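Right, one structure below, let's go through it.
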Amino acid sequence: MLRPLPAGGSKMAAERIFDRAVSVRVRGCGCEERRLNVRVNIELLSISNPVHKKDLAVRLTDDTDPFFLYNLVISEEDFQSLKSQQGLLVDFSAFPQKFIDLLQQCIQEQNKDIPRFLLQLVSSAPALDHTPVSLNVVETNPFKHLTHLSLKFLPGTDAEIKKFLANCLKCLKEDKMMLEEKLKKTEEDLTRQLSYTQQNLSEKSRELDKLKNEWTSYTTALSNKHSQELTSEKERALQAQTQYQQQHEQQKKELENLHQKSIQQLQTRLSELEVINKDLTERRYKGDSTVRELKAKLSGLEDECQRAKQEVLSLRRENTTLDAECHEKEKLINQLQTRVAVLEQEIKDKDQLVTRTKEVLDATQEQKVILEESTEEKQRHIEKLETTIKSLSAELLKANEIIKKLQGDLKTLMSKLKLKNTVTIQQEKLLAEKEEKLQKEQRESQEMGQSLQMKEQEVCKLQEQLESTIQKLEESKQLLKTNENVITWLNKQLSEVQMAKKLDTSASAHGGGRAAVSPHSMPDRPSFHSSGISHPISPFYAFQNFLEPTHNKNGNSQCPVPKVQLNSQLLKLNRCSDAHTVPAAGHPANKENGDQLGLESKYFKRKDDSIPLRGLSQNTLNSEYLRPYLPTKAQLSPKAAGTPASAYFPGS
């Protein structure tokens, strides 16, 4: 990889790419690190004899030390070995430019305290005494020093150093010759400019002497003229002064007489104006006090009105949320009614209904929590409003003290105004303006009184709306309580039915015969051993078990309830609104036995929000099968017995 510079026998063309001084950190074996300014010279050598080749020549020199010389020549074959050793991703054609980019980054970072890129010149010997050296381009970061490129340089031989010094001498001599030629040219130019400037100076000095002579003659003539004009003007000024003094004395006497008369008139008028001023000040104080009282009342009423509006907005929001909740509950009730019609489904569909009922119960509990949080937020808002009222009262007391101070300042100003005679005319104008302002304030106070009345009426209307919304809230809470009572009663009935069924099954097992199934007998509650569910199930699942034919368990037993076989595809709920539905109230037996069921006929009517069903025969919707399993008013609790059926189904 390291080769000496080619000999002069072959034809060679050198193209200089880079030639700049770079700060390098020199590291020797067992020596401290030091900085050194090294000039890096990069050239592309194209050799045409005997074969056309391109080599990259890099030279390291020091401007202060002429014997400091390190050379490196990289051919295409050497670059391939360098690329494999150091894992480079660049071809030989792009390598010089990338190397120059790294050097420029080092130049940009060399003046910083902690440079990101730096050049290191590493030697195995303690000093740079004609030993091979490696030039490393290092990137520093907090974790590690990364060497992007490492190039090994050979020290220059005596012949190379002599050749380098000869080239330097040749360049210096050429520079010297150029500078001498430039010096000769500049000296000739300066001599020419000097002669030209000296000629101009002599001409300008002659012109200056002429101008000085002309100026002196002109100034003497002007001084003579001015002296004559000054004497004539002084005589005229003395004559005019005597005339003006006589006129001034006459005018002074006339003005004194007029002034005495005007003073007498102004004194009489001043006494009259003082009396008027006192009356007006008293009226003004009274008007100011009334205006302040009205403003205080107005601010209080506006605050109350804003509070009322905020409360109305909050109540309206709550009302909208409650309406949405009621709408959701109506939808849930419609779903429950449709589920009552699907009481003869298979056991697989029952698991889906159980999960749905659990989700509904979770939603109601979440709604309760939301209502409690809203009440707590309202209480916090009320406490904040009370604190603001206290702060406003303290600010009003401070404002009253400031007004008292301003009144004292006004009194002092009025006393000063009485002493001044020249401001009487301005006082008349001010009084007229104040009268106009008083009239305007009276009009404004009347308008404010009317607006206050309008706001009081609005406040009354808002209070009525508040009362109505509170009543609706109480009604919705009562409906929630009644729904909870129904759910508890259904759970109790489930437990009783399960106990009775267990007793019947035990009796039939001891008897050894087939037990007859009464229309009021209930199937056992299913236990899901595989899923691990052992808790009591919802009333909807219980109703499905009530209507399930008993001969599903025992094929030989006979049941008065006819067996209904439903296809799993037909039992799916159709959610399209235009489908053909079979509502529970469509069967004529429901109309005949509606009173015995404990529900009115309107709960079995079709609704727009209800989910239609497919695949159910008229036998499944017959009320005769449902009659023994539905509770009567006597079976309900004492509180729930008196409530109508509409309370349990508010969405109908």
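Ordering of the structure tokens sets the chain letters (A, B, ...); residue numbers start at 1 within each chain; ligands are numbered from 1 in the order shown.
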
Would you tabulate, counting only C-alpha atoms, all residues of segment 291-345 of chain A that have an atom at most 10 Å from an atom of segment 444-451 of chain A, showing the closest pair of atoms and their distance in Å to one decimal, sorted by chain then ascending number, as a tab-separated table?
```
residue	atom	partner	partner_atom	distance
A:Val291	CA	A:Ser445	CA	7.2
A:Leu294	CA	A:Ser445	CA	7.2
A:Lys295	CA	A:Ser445	CA	8.6
A:Lys297	CA	A:Gly449	CA	9.9
A:Leu298	CA	A:Met448	CA	7.6
```

Keeping only all heavy atoms, write the selected residues as a short mmCIF file (atom, residue, chain, number, x, y, z; two decimals), in the first residue's frame.
```cif
data_model
loop_
_atom_site.label_atom_id
_atom_site.label_comp_id
_atom_site.auth_asym_id
_atom_site.auth_seq_id
_atom_site.Cartn_x
_atom_site.Cartn_y
_atom_site.Cartn_z
N VAL A 291 -76.33 57.47 41.41
CA VAL A 291 -75.76 56.69 40.30
C VAL A 291 -74.93 55.52 40.85
O VAL A 291 -74.99 54.40 40.33
CB VAL A 291 -74.91 57.60 39.39
CG1 VAL A 291 -74.06 56.76 38.44
CG2 VAL A 291 -75.80 58.53 38.59
N LEU A 294 -77.26 52.83 42.09
CA LEU A 294 -77.85 52.09 40.96
C LEU A 294 -76.83 51.17 40.30
O LEU A 294 -77.16 50.05 39.90
CB LEU A 294 -78.41 53.09 39.93
CG LEU A 294 -79.68 53.85 40.35
CD1 LEU A 294 -79.95 54.98 39.38
CD2 LEU A 294 -80.87 52.91 40.40
N LYS A 295 -75.58 51.66 40.17
CA LYS A 295 -74.55 50.81 39.57
C LYS A 295 -74.27 49.58 40.42
O LYS A 295 -74.07 48.48 39.90
CB LYS A 295 -73.26 51.61 39.38
CG LYS A 295 -73.30 52.55 38.19
CD LYS A 295 -71.98 53.30 38.05
CE LYS A 295 -72.01 54.24 36.84
NZ LYS A 295 -70.77 55.01 36.72
N LYS A 297 -76.37 48.11 42.48
CA LYS A 297 -77.49 47.18 42.32
C LYS A 297 -77.40 46.46 40.98
O LYS A 297 -77.66 45.26 40.88
CB LYS A 297 -78.81 47.94 42.42
CG LYS A 297 -79.13 48.42 43.83
CD LYS A 297 -80.45 49.19 43.85
CE LYS A 297 -80.78 49.72 45.26
NZ LYS A 297 -82.03 50.51 45.27
N LEU A 298 -77.06 47.23 39.93
CA LEU A 298 -77.00 46.65 38.58
C LEU A 298 -75.94 45.55 38.50
O LEU A 298 -76.17 44.48 37.93
CB LEU A 298 -76.67 47.75 37.57
CG LEU A 298 -77.01 47.47 36.11
CD1 LEU A 298 -77.39 48.76 35.42
CD2 LEU A 298 -75.85 46.82 35.41
#
```

Option closest in space to Glu304 of chain A, from A:Glu373, A:Glu458, A:Glu433, A:Glu325 [counting only C-alpha atoms]: A:Glu458

Residue list (helix (DSSP H, G or I), DSSP) for segment 304-540 of chain A, as a PyMOL selection string: chain A and resi 304-341+347-419+424-511+539-540

List as a VMD selection string the protein and nucleic acid residues near segment 264-280 of chain A, meaning an atom at most 10 Å away when only C-alpha atoms are counted, but skip any in the same chain fewer than 3 places from it. chain A and resid 259 to 261 283 to 286 414 418 421 424 427 to 428 431 434 to 435

Quick one: everything within 10 Å of Lys162 of chain A, counting only C-alpha atoms, minus sequence neighbours fewer than 5 positions away in the same chain. Send it as a list in words. Pro66, Phe67, Gly156, Thr157, Asn167 and Cys168 of chain A

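Among A:Leu322, A:Ser217, A:Ser391, A:Ser134, the residue with the shortest atom-to-atom distance to Glu474 of chain A, counting only C-alpha atoms, is A:Leu322.
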
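Of note, atom CA of Phe164 of chain A and atom CA of Phe18 of chain A are spaced 17.3 Å apart.
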
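Distance-wise, atom CA of His52 of chain A and atom CA of Asp78 of chain A end up 16.2 Å apart.
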